[in-house]
file structure-v4.txt (compact mmCIF, C-alpha atoms)
# COMPACT_ATOMS: atom_id res chain seq x y z
CA MET C 1 0.34 -41.59 -30.60
CA SER C 2 3.42 -39.75 -31.80
CA GLU C 3 5.56 -42.10 -29.73
CA VAL C 4 4.85 -45.06 -31.97
CA ASN C 5 7.87 -45.79 -34.11
CA ILE C 6 7.27 -46.60 -37.73
CA ASP C 7 9.59 -49.12 -39.32
CA PRO C 8 11.90 -47.12 -41.61
CA ARG C 9 11.37 -49.64 -44.40
CA LEU C 10 7.79 -48.35 -44.59
CA THR C 11 8.67 -44.66 -44.65
CA GLN C 12 11.64 -45.05 -46.98
CA GLY C 13 10.52 -44.34 -50.51
CA ALA C 14 7.23 -42.93 -49.29
CA LEU C 15 5.82 -39.49 -48.58
CA LEU C 16 3.95 -38.76 -45.35
CA LEU C 17 0.42 -37.61 -46.11
CA GLY C 18 -0.68 -37.20 -42.50
CA ASP C 19 -2.60 -38.94 -39.74
CA LEU C 20 -6.21 -40.07 -39.61
CA GLY C 21 -7.75 -40.98 -36.25
CA LEU C 22 -5.92 -44.29 -35.97
CA SER C 23 -3.52 -44.55 -38.88
CA ARG C 24 -0.62 -42.69 -40.38
CA VAL C 25 -1.03 -42.47 -44.15
CA LEU C 26 1.91 -42.77 -46.54
CA LEU C 27 2.01 -42.34 -50.30
CA VAL C 28 4.41 -44.83 -51.87
CA ASP C 29 6.72 -43.16 -54.37
CA ASN C 30 6.07 -45.65 -57.13
CA ALA C 31 4.67 -44.19 -60.32
CA LEU C 32 3.83 -47.68 -61.63
CA PHE C 33 0.92 -48.04 -59.19
CA PRO C 34 -0.96 -45.43 -57.14
CA TRP C 35 -0.30 -46.90 -53.70
CA VAL C 36 -1.07 -45.74 -50.19
CA ILE C 37 -0.10 -47.42 -46.92
CA LEU C 38 -1.97 -47.06 -43.62
CA VAL C 39 0.00 -47.71 -40.44
CA PRO C 40 -2.19 -47.93 -37.32
CA LEU C 41 -0.40 -45.90 -34.64
CA ARG C 42 -0.43 -48.46 -31.87
CA PRO C 43 2.76 -50.01 -30.51
CA GLN C 44 3.89 -53.54 -31.25
CA LEU C 45 1.21 -54.42 -33.75
CA THR C 46 1.83 -57.13 -36.30
CA GLU C 47 -1.63 -58.58 -36.90
CA LEU C 48 -5.16 -57.23 -37.33
CA LEU C 49 -5.96 -59.46 -34.36
CA HIS C 50 -3.89 -57.26 -32.09
CA LEU C 51 -6.38 -54.42 -32.53
CA SER C 52 -9.41 -54.16 -30.28
CA GLN C 53 -12.78 -54.48 -31.99
CA THR C 54 -13.26 -50.71 -31.77
CA GLU C 55 -9.87 -50.13 -33.40
CA ARG C 56 -10.64 -52.70 -36.11
CA TYR C 57 -13.83 -50.82 -36.93
CA GLN C 58 -11.90 -47.55 -36.99
CA LEU C 59 -9.29 -49.12 -39.27
CA VAL C 60 -11.88 -50.46 -41.70
CA ASP C 61 -13.52 -47.01 -41.78
CA GLU C 62 -10.14 -45.47 -42.60
CA ILE C 63 -9.50 -48.11 -45.27
CA ALA C 64 -12.89 -47.22 -46.78
CA GLN C 65 -12.10 -43.50 -46.61
CA VAL C 66 -8.72 -43.94 -48.28
CA SER C 67 -10.23 -46.32 -50.85
CA GLU C 68 -12.93 -43.77 -51.78
CA VAL C 69 -10.29 -41.10 -52.26
CA MET C 70 -8.08 -43.41 -54.33
CA LYS C 71 -11.08 -44.37 -56.42
CA SER C 72 -12.15 -40.80 -57.12
CA TYR C 73 -8.66 -39.46 -57.77
CA PHE C 74 -6.99 -42.28 -59.67
CA VAL C 75 -10.15 -43.88 -61.20
CA PRO C 76 -8.78 -47.43 -61.02
CA ASP C 77 -10.31 -50.54 -62.52
CA LYS C 78 -9.85 -52.37 -59.21
CA LEU C 79 -8.66 -51.62 -55.70
CA ASN C 80 -6.33 -54.04 -53.96
CA VAL C 81 -6.38 -53.96 -50.16
CA ALA C 82 -3.96 -56.13 -48.24
CA THR C 83 -2.03 -56.61 -45.05
CA LEU C 84 0.83 -59.06 -45.53
CA GLY C 85 3.74 -58.12 -43.28
CA ASN C 86 6.07 -60.89 -44.38
CA GLN C 87 8.96 -58.50 -44.93
CA VAL C 88 8.06 -55.70 -42.51
CA SER C 89 6.13 -57.18 -39.62
CA GLN C 90 4.71 -53.91 -38.26
CA LEU C 91 1.02 -53.90 -39.13
CA HIS C 92 0.40 -51.88 -42.26
CA ILE C 93 -2.33 -51.97 -44.89
CA HIS C 94 -1.75 -51.47 -48.58
CA VAL C 95 -4.44 -49.73 -50.65
CA ILE C 96 -3.44 -49.92 -54.30
CA ALA C 97 -5.31 -48.50 -57.29
CA ARG C 98 -4.99 -50.97 -60.14
CA LYS C 99 -5.50 -50.42 -63.84
CA ILE C 100 -5.90 -53.23 -66.32
CA THR C 101 -3.17 -51.43 -68.27
CA ASP C 102 -0.66 -51.38 -65.40
CA ILE C 103 2.56 -53.32 -65.70
CA ALA C 104 1.61 -56.08 -63.26
CA TRP C 105 -2.06 -56.64 -64.13
CA PRO C 106 -3.73 -59.04 -63.30
CA HIS C 107 -1.06 -60.11 -60.84
CA PRO C 108 -0.37 -58.52 -57.44
CA VAL C 109 2.04 -55.58 -57.48
CA TRP C 110 4.63 -56.86 -55.03
CA GLY C 111 7.96 -57.55 -56.64
CA LYS C 112 6.75 -56.07 -59.93
CA GLY C 113 9.12 -53.10 -59.96
CA ALA C 114 9.23 -49.49 -58.86
CA SER C 115 9.76 -46.20 -60.60
CA SER C 116 9.79 -42.89 -58.72
CA TYR C 117 7.35 -40.15 -59.66
CA GLN C 118 8.61 -36.92 -61.14
CA PRO C 119 8.97 -34.63 -58.09
CA ASP C 120 6.19 -32.31 -59.29
CA GLN C 121 3.87 -35.24 -59.83
CA LEU C 122 4.60 -36.68 -56.39
CA LEU C 123 3.87 -33.35 -54.72
CA LEU C 124 0.68 -32.86 -56.71
CA HIS C 125 -0.55 -36.32 -55.73
CA ALA C 126 0.34 -35.70 -52.10
CA GLN C 127 -1.34 -32.31 -52.02
CA THR C 128 -4.51 -33.60 -53.67
CA LEU C 129 -4.73 -36.72 -51.52
CA ARG C 130 -4.26 -34.69 -48.33
CA GLN C 131 -7.02 -32.36 -49.39
CA LEU C 132 -9.38 -35.21 -50.31
CA LEU C 133 -8.60 -36.98 -47.02
CA GLY C 134 -9.11 -33.82 -45.04
CA ILE C 135 -5.61 -33.97 -43.59
CA SER C 136 -4.19 -30.99 -45.49
CA MET J 1 -28.64 -65.06 -49.10
CA SER J 2 -28.63 -68.41 -50.85
CA GLU J 3 -29.51 -66.64 -54.09
CA VAL J 4 -26.11 -65.00 -54.37
CA ASN J 5 -24.07 -66.78 -57.00
CA ILE J 6 -20.45 -67.45 -56.20
CA ASP J 7 -18.02 -67.27 -59.11
CA PRO J 8 -17.07 -70.89 -59.89
CA ARG J 9 -13.41 -69.89 -60.06
CA LEU J 10 -13.62 -69.33 -56.29
CA THR J 11 -15.32 -72.61 -55.45
CA GLN J 12 -13.26 -74.69 -57.87
CA GLY J 13 -10.38 -76.28 -56.00
CA ALA J 14 -11.91 -75.30 -52.67
CA LEU J 15 -14.04 -77.01 -50.05
CA LEU J 16 -17.12 -75.31 -48.60
CA LEU J 17 -16.75 -74.88 -44.85
CA GLY J 18 -20.07 -73.11 -44.29
CA ASP J 19 -21.59 -69.68 -43.81
CA LEU J 20 -20.96 -67.08 -41.14
CA GLY J 21 -23.42 -64.20 -40.72
CA LEU J 22 -22.26 -62.38 -43.83
CA SER J 23 -19.71 -64.55 -45.59
CA ARG J 24 -19.41 -67.98 -47.11
CA VAL J 25 -16.16 -69.60 -46.00
CA LEU J 26 -14.10 -71.77 -48.35
CA LEU J 27 -10.96 -73.80 -47.63
CA VAL J 28 -8.59 -73.65 -50.58
CA ASP J 29 -7.29 -77.10 -51.49
CA ASN J 30 -3.65 -76.10 -51.54
CA ALA J 31 -1.40 -77.97 -49.15
CA LEU J 32 1.40 -75.46 -49.70
CA PHE J 33 -0.40 -72.78 -47.68
CA PRO J 34 -3.30 -73.01 -45.23
CA TRP J 35 -5.71 -70.69 -47.01
CA VAL J 36 -9.29 -69.69 -46.40
CA ILE J 37 -11.48 -67.41 -48.52
CA LEU J 38 -14.45 -65.39 -47.27
CA VAL J 39 -17.09 -64.42 -49.82
CA PRO J 40 -19.61 -61.87 -48.51
CA LEU J 41 -23.02 -63.10 -49.62
CA ARG J 42 -24.29 -59.91 -51.18
CA PRO J 43 -25.00 -59.60 -54.91
CA GLN J 44 -22.77 -57.70 -57.32
CA LEU J 45 -19.99 -56.88 -54.90
CA THR J 46 -16.52 -56.19 -56.22
CA GLU J 47 -15.10 -53.73 -53.69
CA LEU J 48 -15.13 -53.32 -49.91
CA LEU J 49 -16.67 -49.94 -50.67
CA HIS J 50 -19.82 -51.60 -51.91
CA LEU J 51 -20.60 -52.83 -48.40
CA SER J 52 -22.51 -50.67 -45.97
CA GLN J 53 -20.63 -49.60 -42.84
CA THR J 54 -22.54 -52.20 -40.81
CA GLU J 55 -21.59 -54.92 -43.29
CA ARG J 56 -17.96 -53.76 -43.28
CA TYR J 57 -17.88 -54.11 -39.51
CA GLN J 58 -19.45 -57.54 -39.78
CA LEU J 59 -16.89 -58.53 -42.38
CA VAL J 60 -13.94 -57.36 -40.28
CA ASP J 61 -15.37 -59.29 -37.32
CA GLU J 62 -15.58 -62.40 -39.51
CA ILE J 63 -12.03 -61.83 -40.79
CA ALA J 64 -10.89 -61.62 -37.16
CA GLN J 65 -12.81 -64.76 -36.26
CA VAL J 66 -11.34 -66.72 -39.17
CA SER J 67 -7.88 -65.31 -38.44
CA GLU J 68 -8.06 -66.43 -34.79
CA VAL J 69 -9.03 -69.92 -35.88
CA MET J 70 -6.29 -70.07 -38.50
CA LYS J 71 -3.79 -68.85 -35.90
CA SER J 72 -4.75 -71.42 -33.30
CA TYR J 73 -5.02 -74.35 -35.69
CA PHE J 74 -2.14 -73.78 -38.09
CA VAL J 75 0.15 -71.75 -35.75
CA PRO J 76 1.54 -69.55 -38.54
CA ASP J 77 4.40 -67.09 -38.28
CA LYS J 78 2.27 -64.45 -40.04
CA LEU J 79 -1.23 -64.05 -41.33
CA ASN J 80 -1.79 -62.49 -44.74
CA VAL J 81 -5.20 -60.88 -45.29
CA ALA J 82 -6.04 -59.48 -48.70
CA THR J 83 -8.76 -58.62 -51.14
CA LEU J 84 -7.40 -58.25 -54.66
CA GLY J 85 -10.00 -59.35 -57.20
CA ASN J 86 -7.91 -58.77 -60.28
CA GLN J 87 -8.70 -62.18 -61.71
CA VAL J 88 -12.08 -62.87 -60.08
CA SER J 89 -13.83 -59.57 -59.50
CA GLN J 90 -16.46 -60.85 -57.06
CA LEU J 91 -15.47 -59.52 -53.62
CA HIS J 92 -13.58 -62.17 -51.68
CA ILE J 93 -11.05 -61.99 -48.89
CA HIS J 94 -8.05 -64.24 -48.57
CA VAL J 95 -6.84 -65.25 -45.10
CA ILE J 96 -3.60 -67.16 -45.44
CA ALA J 97 -1.49 -68.70 -42.68
CA ARG J 98 2.16 -68.18 -43.57
CA LYS J 99 5.22 -69.99 -42.28
CA ILE J 100 8.72 -68.73 -42.75
CA THR J 101 9.45 -72.21 -44.04
CA ASP J 102 6.73 -72.17 -46.72
CA ILE J 103 7.68 -72.30 -50.37
CA ALA J 104 6.86 -68.65 -51.13
CA TRP J 105 8.12 -66.91 -47.97
CA PRO J 106 8.60 -63.93 -47.69
CA HIS J 107 6.75 -63.25 -50.92
CA PRO J 108 2.97 -63.31 -51.40
CA VAL J 109 1.50 -66.71 -52.24
CA TRP J 110 -0.26 -65.85 -55.50
CA GLY J 111 1.30 -67.57 -58.48
CA LYS J 112 3.58 -69.59 -56.22
CA GLY J 113 2.10 -72.98 -57.02
CA ALA J 114 -0.54 -75.33 -55.73
CA SER J 115 -0.56 -78.88 -54.48
CA SER J 116 -3.75 -80.62 -53.38
CA TYR J 117 -4.05 -82.02 -49.87
CA GLN J 118 -4.30 -85.75 -49.35
CA PRO J 119 -8.07 -86.36 -49.16
CA ASP J 120 -7.92 -87.39 -45.49
CA GLN J 121 -5.94 -84.29 -44.61
CA LEU J 122 -8.36 -82.02 -46.45
CA LEU J 123 -11.33 -83.53 -44.65
CA LEU J 124 -9.60 -83.30 -41.27
CA HIS J 125 -8.79 -79.64 -41.84
CA ALA J 126 -12.34 -78.92 -42.97
CA GLN J 127 -13.88 -80.75 -40.01
CA THR J 128 -11.62 -79.01 -37.50
CA LEU J 129 -12.05 -75.55 -39.02
CA ARG J 130 -15.85 -75.95 -39.09
CA GLN J 131 -15.80 -76.94 -35.44
CA LEU J 132 -13.55 -74.04 -34.43
CA LEU J 133 -15.68 -71.61 -36.44
CA GLY J 134 -18.88 -72.96 -34.94
CA ILE J 135 -20.30 -73.82 -38.35
CA SER J 136 -20.10 -77.59 -38.01
call {"tool": "encode", "arguments": {"input": "structure-v4.txt", "output": "structure tokens"}}
result
Amino acid sequence: MSEVNIDPRLTQGALLLGDLGLSRVLLVDNALFPWVILVPLRPQLTELLHLSQTERYQLVDEIAQVSEVMKSYFVPDKLNVATLGNQVSQLHIHVIARKITDIAWPHPVWGKGASSYQPDQLLLHAQTLRQLLGIS
Amino acid sequence: MSEVNIDPRLTQGALLLGDLGLSRVLLVDNALFPWVILVPLRPQLTELLHLSQTERYQLVDEIAQVSEVMKSYFVPDKLNVATLGNQVSQLHIHVIARKITDIAWPHPVWGKGASSYQPDQLLLHAQTLRQLLGIS
């Protein structure tokens, strides 16, 4: 699986958390919204449809696992889960913890700005999320 | 399952296509983007996490089924699949067929306008989608 290339536009501005069974997990360095991206490590994927049924089930299990962790750690008012791929076609799934007080609420987060975490905060989030995901 | 109430903000401006095993399927009456919504027919759902694993698998199968049909009928450049729920909290999943020529590309479609289909066009789409989904 390590041979699958990840589009650099996904890894840029993100911190690698680690790999689950199917997906690489990235923490987006945007303090405005707690935001994780899952990238299924299969070559040449752009659509959910390109996954086998078994892989789709594995992906939805990993989405649920990441969502649970985001929910317990960030205590959001709502989770947003989406695969768009209009700008970066490689299949990737956003899991975003939304607060009704966040800057974009109730709209989607895309195009609503970015602000890096303080380095200590980013590392703390990464460390905690890795631990909660069991990929520390 | 018929006892599950669907938030009227989901059914307003949409045409009922029918029910799959878990989800009610709606065609959004927006000629700018071919757009279908799946509403899992379980009470008091707001998050994917509220589904059992079996239901999550069923939902992802239905998302794949709807996506295949959208792909074959509308021949999009990209499919967008998302569950947000910031405005209508009842769990619902958007499956949107995107074209690089559509009015919002490459941005997400939310907040990018709406324009009703001609009635004949809406009925043709509904009839064809029902047939392709096997819920005619």
call {"tool": "interface_residues", "arguments": {"input": "structure-v4.txt", "of": "chain C", "to": "chain J", "cutoff": "10 Å", "atoms": "only C-alpha atoms", "output": "PyMOL selection string"}}
result
chain C and resi 46-51+53-54+56-61+63-65+67-68+71+77-89+93-96+98-100+105-111
call {"tool": "write_last_selection", "arguments": {"input": "structure-v4.txt", "atoms": "C-alpha atoms", "output": "PDB file, keeping the file's coordinate frame"}}
result
ATOM      1  CA  THR C  46       1.830 -57.130 -36.300  1.00  0.00           C
ATOM      2  CA  GLU C  47      -1.630 -58.580 -36.900  1.00  0.00           C
ATOM      3  CA  LEU C  48      -5.160 -57.230 -37.330  1.00  0.00           C
ATOM      4  CA  LEU C  49      -5.960 -59.460 -34.360  1.00  0.00           C
ATOM      5  CA  HIS C  50      -3.890 -57.260 -32.090  1.00  0.00           C
ATOM      6  CA  LEU C  51      -6.380 -54.420 -32.530  1.00  0.00           C
ATOM      7  CA  GLN C  53     -12.780 -54.480 -31.990  1.00  0.00           C
ATOM      8  CA  THR C  54     -13.260 -50.710 -31.770  1.00  0.00           C
ATOM      9  CA  ARG C  56     -10.640 -52.700 -36.110  1.00  0.00           C
ATOM     10  CA  TYR C  57     -13.830 -50.820 -36.930  1.00  0.00           C
ATOM     11  CA  GLN C  58     -11.900 -47.550 -36.990  1.00  0.00           C
ATOM     12  CA  LEU C  59      -9.290 -49.120 -39.270  1.00  0.00           C
ATOM     13  CA  VAL C  60     -11.880 -50.460 -41.700  1.00  0.00           C
ATOM     14  CA  ASP C  61     -13.520 -47.010 -41.780  1.00  0.00           C
ATOM     15  CA  ILE C  63      -9.500 -48.110 -45.270  1.00  0.00           C
ATOM     16  CA  ALA C  64     -12.890 -47.220 -46.780  1.00  0.00           C
ATOM     17  CA  GLN C  65     -12.100 -43.500 -46.610  1.00  0.00           C
ATOM     18  CA  SER C  67     -10.230 -46.320 -50.850  1.00  0.00           C
ATOM     19  CA  GLU C  68     -12.930 -43.770 -51.780  1.00  0.00           C
ATOM     20  CA  LYS C  71     -11.080 -44.370 -56.420  1.00  0.00           C
ATOM     21  CA  ASP C  77     -10.310 -50.540 -62.520  1.00  0.00           C
ATOM     22  CA  LYS C  78      -9.850 -52.370 -59.210  1.00  0.00           C
ATOM     23  CA  LEU C  79      -8.660 -51.620 -55.700  1.00  0.00           C
ATOM     24  CA  ASN C  80      -6.330 -54.040 -53.960  1.00  0.00           C
ATOM     25  CA  VAL C  81      -6.380 -53.960 -50.160  1.00  0.00           C
ATOM     26  CA  ALA C  82      -3.960 -56.130 -48.240  1.00  0.00           C
ATOM     27  CA  THR C  83      -2.030 -56.610 -45.050  1.00  0.00           C
ATOM     28  CA  LEU C  84       0.830 -59.060 -45.530  1.00  0.00           C
ATOM     29  CA  GLY C  85       3.740 -58.120 -43.280  1.00  0.00           C
ATOM     30  CA  ASN C  86       6.070 -60.890 -44.380  1.00  0.00           C
ATOM     31  CA  GLN C  87       8.960 -58.500 -44.930  1.00  0.00           C
ATOM     32  CA  VAL C  88       8.060 -55.700 -42.510  1.00  0.00           C
ATOM     33  CA  SER C  89       6.130 -57.180 -39.620  1.00  0.00           C
ATOM     34  CA  ILE C  93      -2.330 -51.970 -44.890  1.00  0.00           C
ATOM     35  CA  HIS C  94      -1.750 -51.470 -48.580  1.00  0.00           C
ATOM     36  CA  VAL C  95      -4.440 -49.730 -50.650  1.00  0.00           C
ATOM     37  CA  ILE C  96      -3.440 -49.920 -54.300  1.00  0.00           C
ATOM     38  CA  ARG C  98      -4.990 -50.970 -60.140  1.00  0.00           C
ATOM     39  CA  LYS C  99      -5.500 -50.420 -63.840  1.00  0.00           C
ATOM     40  CA  ILE C 100      -5.900 -53.230 -66.320  1.00  0.00           C
ATOM     41  CA  TRP C 105      -2.060 -56.640 -64.130  1.00  0.00           C
ATOM     42  CA  PRO C 106      -3.730 -59.040 -63.300  1.00  0.00           C
ATOM     43  CA  HIS C 107      -1.060 -60.110 -60.840  1.00  0.00           C
ATOM     44  CA  PRO C 108      -0.370 -58.520 -57.440  1.00  0.00           C
ATOM     45  CA  VAL C 109       2.040 -55.580 -57.480  1.00  0.00           C
ATOM     46  CA  TRP C 110       4.630 -56.860 -55.030  1.00  0.00           C
ATOM     47  CA  GLY C 111       7.960 -57.550 -56.640  1.00  0.00           C
TER      48      GLY C 111
END
call {"tool": "residues_around", "arguments": {"input": "structure-v4.txt", "residues": "segment 123-133 of chain C", "least_positions_apart": "4", "cutoff": "12 Å", "atoms": "all atoms listed in the file", "output": "PyMOL selection string"}}
result
chain C and resi 14-21+24-31+34-36+62-74+116-119
call {"tool": "calpha_fit_and_write", "arguments": {"input": "structure-v4.txt", "fixed": "chain C", "moving": "chain J", "output": "short mmCIF file (atom, residue, chain, number, x, y, z; two decimals) with C-alpha atoms, in the coordinates of the input"}}
result
data_model
loop_
_atom_site.label_atom_id
_atom_site.label_comp_id
_atom_site.auth_asym_id
_atom_site.auth_seq_id
_atom_site.Cartn_x
_atom_site.Cartn_y
_atom_site.Cartn_z
CA MET J 1 0.39 -41.57 -30.62
CA SER J 2 3.48 -39.74 -31.80
CA GLU J 3 5.58 -42.12 -29.72
CA VAL J 4 4.86 -45.08 -31.96
CA ASN J 5 7.88 -45.79 -34.11
CA ILE J 6 7.26 -46.60 -37.74
CA ASP J 7 9.60 -49.12 -39.33
CA PRO J 8 11.90 -47.11 -41.62
CA ARG J 9 11.36 -49.64 -44.39
CA LEU J 10 7.78 -48.34 -44.58
CA THR J 11 8.65 -44.65 -44.65
CA GLN J 12 11.63 -45.05 -46.98
CA GLY J 13 10.53 -44.34 -50.53
CA ALA J 14 7.22 -42.94 -49.30
CA LEU J 15 5.83 -39.49 -48.59
CA LEU J 16 3.95 -38.75 -45.36
CA LEU J 17 0.41 -37.62 -46.12
CA GLY J 18 -0.69 -37.21 -42.50
CA ASP J 19 -2.61 -38.95 -39.74
CA LEU J 20 -6.21 -40.08 -39.61
CA GLY J 21 -7.75 -40.99 -36.24
CA LEU J 22 -5.91 -44.29 -35.96
CA SER J 23 -3.52 -44.56 -38.87
CA ARG J 24 -0.61 -42.71 -40.39
CA VAL J 25 -1.04 -42.47 -44.15
CA LEU J 26 1.91 -42.77 -46.53
CA LEU J 27 2.01 -42.34 -50.31
CA VAL J 28 4.40 -44.84 -51.86
CA ASP J 29 6.72 -43.17 -54.36
CA ASN J 30 6.07 -45.64 -57.14
CA ALA J 31 4.68 -44.20 -60.34
CA LEU J 32 3.83 -47.67 -61.63
CA PHE J 33 0.92 -48.03 -59.20
CA PRO J 34 -0.96 -45.44 -57.14
CA TRP J 35 -0.30 -46.90 -53.70
CA VAL J 36 -1.08 -45.75 -50.20
CA ILE J 37 -0.12 -47.42 -46.92
CA LEU J 38 -1.97 -47.07 -43.62
CA VAL J 39 0.00 -47.71 -40.44
CA PRO J 40 -2.18 -47.94 -37.31
CA LEU J 41 -0.41 -45.90 -34.65
CA ARG J 42 -0.42 -48.46 -31.88
CA PRO J 43 2.78 -50.00 -30.50
CA GLN J 44 3.89 -53.54 -31.25
CA LEU J 45 1.20 -54.41 -33.75
CA THR J 46 1.83 -57.12 -36.30
CA GLU J 47 -1.63 -58.57 -36.90
CA LEU J 48 -5.16 -57.23 -37.32
CA LEU J 49 -5.95 -59.46 -34.36
CA HIS J 50 -3.89 -57.26 -32.09
CA LEU J 51 -6.38 -54.42 -32.51
CA SER J 52 -9.41 -54.15 -30.28
CA GLN J 53 -12.79 -54.48 -32.00
CA THR J 54 -13.27 -50.71 -31.77
CA GLU J 55 -9.88 -50.12 -33.39
CA ARG J 56 -10.65 -52.69 -36.10
CA TYR J 57 -13.83 -50.82 -36.94
CA GLN J 58 -11.91 -47.56 -37.01
CA LEU J 59 -9.31 -49.11 -39.27
CA VAL J 60 -11.89 -50.46 -41.72
CA ASP J 61 -13.53 -47.02 -41.78
CA GLU J 62 -10.15 -45.47 -42.59
CA ILE J 63 -9.50 -48.11 -45.27
CA ALA J 64 -12.88 -47.22 -46.79
CA GLN J 65 -12.11 -43.52 -46.61
CA VAL J 66 -8.72 -43.95 -48.28
CA SER J 67 -10.23 -46.32 -50.85
CA GLU J 68 -12.93 -43.78 -51.78
CA VAL J 69 -10.30 -41.11 -52.26
CA MET J 70 -8.08 -43.40 -54.32
CA LYS J 71 -11.10 -44.36 -56.43
CA SER J 72 -12.16 -40.80 -57.13
CA TYR J 73 -8.67 -39.46 -57.78
CA PHE J 74 -6.99 -42.27 -59.68
CA VAL J 75 -10.14 -43.88 -61.21
CA PRO J 76 -8.78 -47.44 -61.02
CA ASP J 77 -10.32 -50.54 -62.52
CA LYS J 78 -9.85 -52.37 -59.19
CA LEU J 79 -8.67 -51.62 -55.71
CA ASN J 80 -6.34 -54.05 -53.97
CA VAL J 81 -6.38 -53.96 -50.16
CA ALA J 82 -3.96 -56.14 -48.25
CA THR J 83 -2.03 -56.61 -45.06
CA LEU J 84 0.83 -59.06 -45.52
CA GLY J 85 3.75 -58.12 -43.28
CA ASN J 86 6.08 -60.87 -44.37
CA GLN J 87 8.96 -58.49 -44.93
CA VAL J 88 8.05 -55.69 -42.50
CA SER J 89 6.13 -57.18 -39.61
CA GLN J 90 4.72 -53.91 -38.25
CA LEU J 91 1.00 -53.90 -39.11
CA HIS J 92 0.39 -51.88 -42.26
CA ILE J 93 -2.32 -51.97 -44.88
CA HIS J 94 -1.75 -51.48 -48.56
CA VAL J 95 -4.43 -49.75 -50.65
CA ILE J 96 -3.45 -49.91 -54.29
CA ALA J 97 -5.32 -48.50 -57.28
CA ARG J 98 -5.00 -50.97 -60.14
CA LYS J 99 -5.50 -50.43 -63.85
CA ILE J 100 -5.88 -53.22 -66.32
CA THR J 101 -3.18 -51.43 -68.27
CA ASP J 102 -0.66 -51.37 -65.40
CA ILE J 103 2.57 -53.30 -65.70
CA ALA J 104 1.61 -56.07 -63.26
CA TRP J 105 -2.06 -56.62 -64.13
CA PRO J 106 -3.72 -59.03 -63.30
CA HIS J 107 -1.06 -60.10 -60.84
CA PRO J 108 -0.37 -58.52 -57.44
CA VAL J 109 2.04 -55.58 -57.49
CA TRP J 110 4.63 -56.85 -55.02
CA GLY J 111 7.97 -57.54 -56.66
CA LYS J 112 6.76 -56.05 -59.93
CA GLY J 113 9.12 -53.10 -59.96
CA ALA J 114 9.23 -49.50 -58.86
CA SER J 115 9.77 -46.20 -60.60
CA SER J 116 9.79 -42.91 -58.72
CA TYR J 117 7.35 -40.16 -59.64
CA GLN J 118 8.63 -36.93 -61.13
CA PRO J 119 8.98 -34.64 -58.09
CA ASP J 120 6.20 -32.31 -59.28
CA GLN J 121 3.87 -35.24 -59.83
CA LEU J 122 4.60 -36.68 -56.39
CA LEU J 123 3.89 -33.35 -54.72
CA LEU J 124 0.68 -32.86 -56.71
CA HIS J 125 -0.55 -36.31 -55.73
CA ALA J 126 0.34 -35.72 -52.09
CA GLN J 127 -1.34 -32.30 -52.02
CA THR J 128 -4.51 -33.60 -53.67
CA LEU J 129 -4.73 -36.73 -51.53
CA ARG J 130 -4.25 -34.70 -48.33
CA GLN J 131 -7.02 -32.37 -49.41
CA LEU J 132 -9.40 -35.21 -50.30
CA LEU J 133 -8.61 -36.98 -47.03
CA GLY J 134 -9.11 -33.80 -45.03
CA ILE J 135 -5.61 -33.97 -43.59
CA SER J 136 -4.18 -31.00 -45.46
#
call {"tool": "closest_residue", "arguments": {"input": "structure-v4.txt", "among": "J:Leu22, J:Leu10, J:Leu45, J:Val4", "to": "Gln90 of chain J", "atoms": "only C-alpha atoms"}}
result
J:Leu45
call {"tool": "axis_aligned_box", "arguments": {"input": "structure-v4.txt", "around": "segment 9-22 of chain J", "padding_each_side": "4 Å", "output": "JSON"}}
result
{"center_x": -16.9, "center_y": -69.7, "center_z": -50.4, "size_x": 21.0, "size_y": 22.6, "size_z": 27.3}
call {"tool": "atom_distance", "arguments": {"input": "structure-v4.txt", "atom1": "atom CA of Gln44 of chain J", "atom2": "atom CA of Asn5 of chain J"}}
result
9.2 Å
call {"tool": "atom_distance", "arguments": {"input": "structure-v4.txt", "atom1": "atom CA of Asp7 of chain C", "atom2": "atom CA of Ala114 of chain C"}}
result
19.5 Å
call {"tool": "atom_distance", "arguments": {"input": "structure-v4.txt", "atom1": "atom CA of Val39 of chain J", "atom2": "atom CA of Gly13 of chain J"}}
result
15.0 Å
call {"tool": "closest_residue", "arguments": {"input": "structure-v4.txt", "among": "J:Pro43, J:Pro76, J:Gln121, J:Leu38", "to": "Thr101 of chain J", "atoms": "only C-alpha atoms"}}
result
J:Pro76
call {"tool": "decode", "arguments": {"input": "structure-v4.txt", "residues": "segment 8-22 of chain C", "atoms": "C-alpha atoms", "output": "CSV table (one decimal), in the first residue's frame"}}
result
chain,number,residue,atom,x,y,z
C,8,PRO,CA,0.5,16.7,-2.7
C,9,ARG,CA,-2.4,19.1,-2.6
C,10,LEU,CA,-3.9,16.8,0.0
C,11,THR,CA,-0.8,16.5,2.2
C,12,GLN,CA,0.2,20.1,1.9
C,13,GLY,CA,-1.1,22.0,4.9
C,14,ALA,CA,-2.0,18.7,6.7
C,15,LEU,CA,-0.3,16.5,9.2
C,16,LEU,CA,0.0,12.7,8.7
C,17,LEU,CA,-1.8,10.9,11.6
C,18,GLY,CA,-1.2,7.4,10.3
C,19,ASP,CA,-2.8,4.6,8.4
C,20,LEU,CA,-5.9,2.6,9.2
C,21,GLY,CA,-6.6,-0.7,7.4
C,22,LEU,CA,-7.6,1.0,4.1
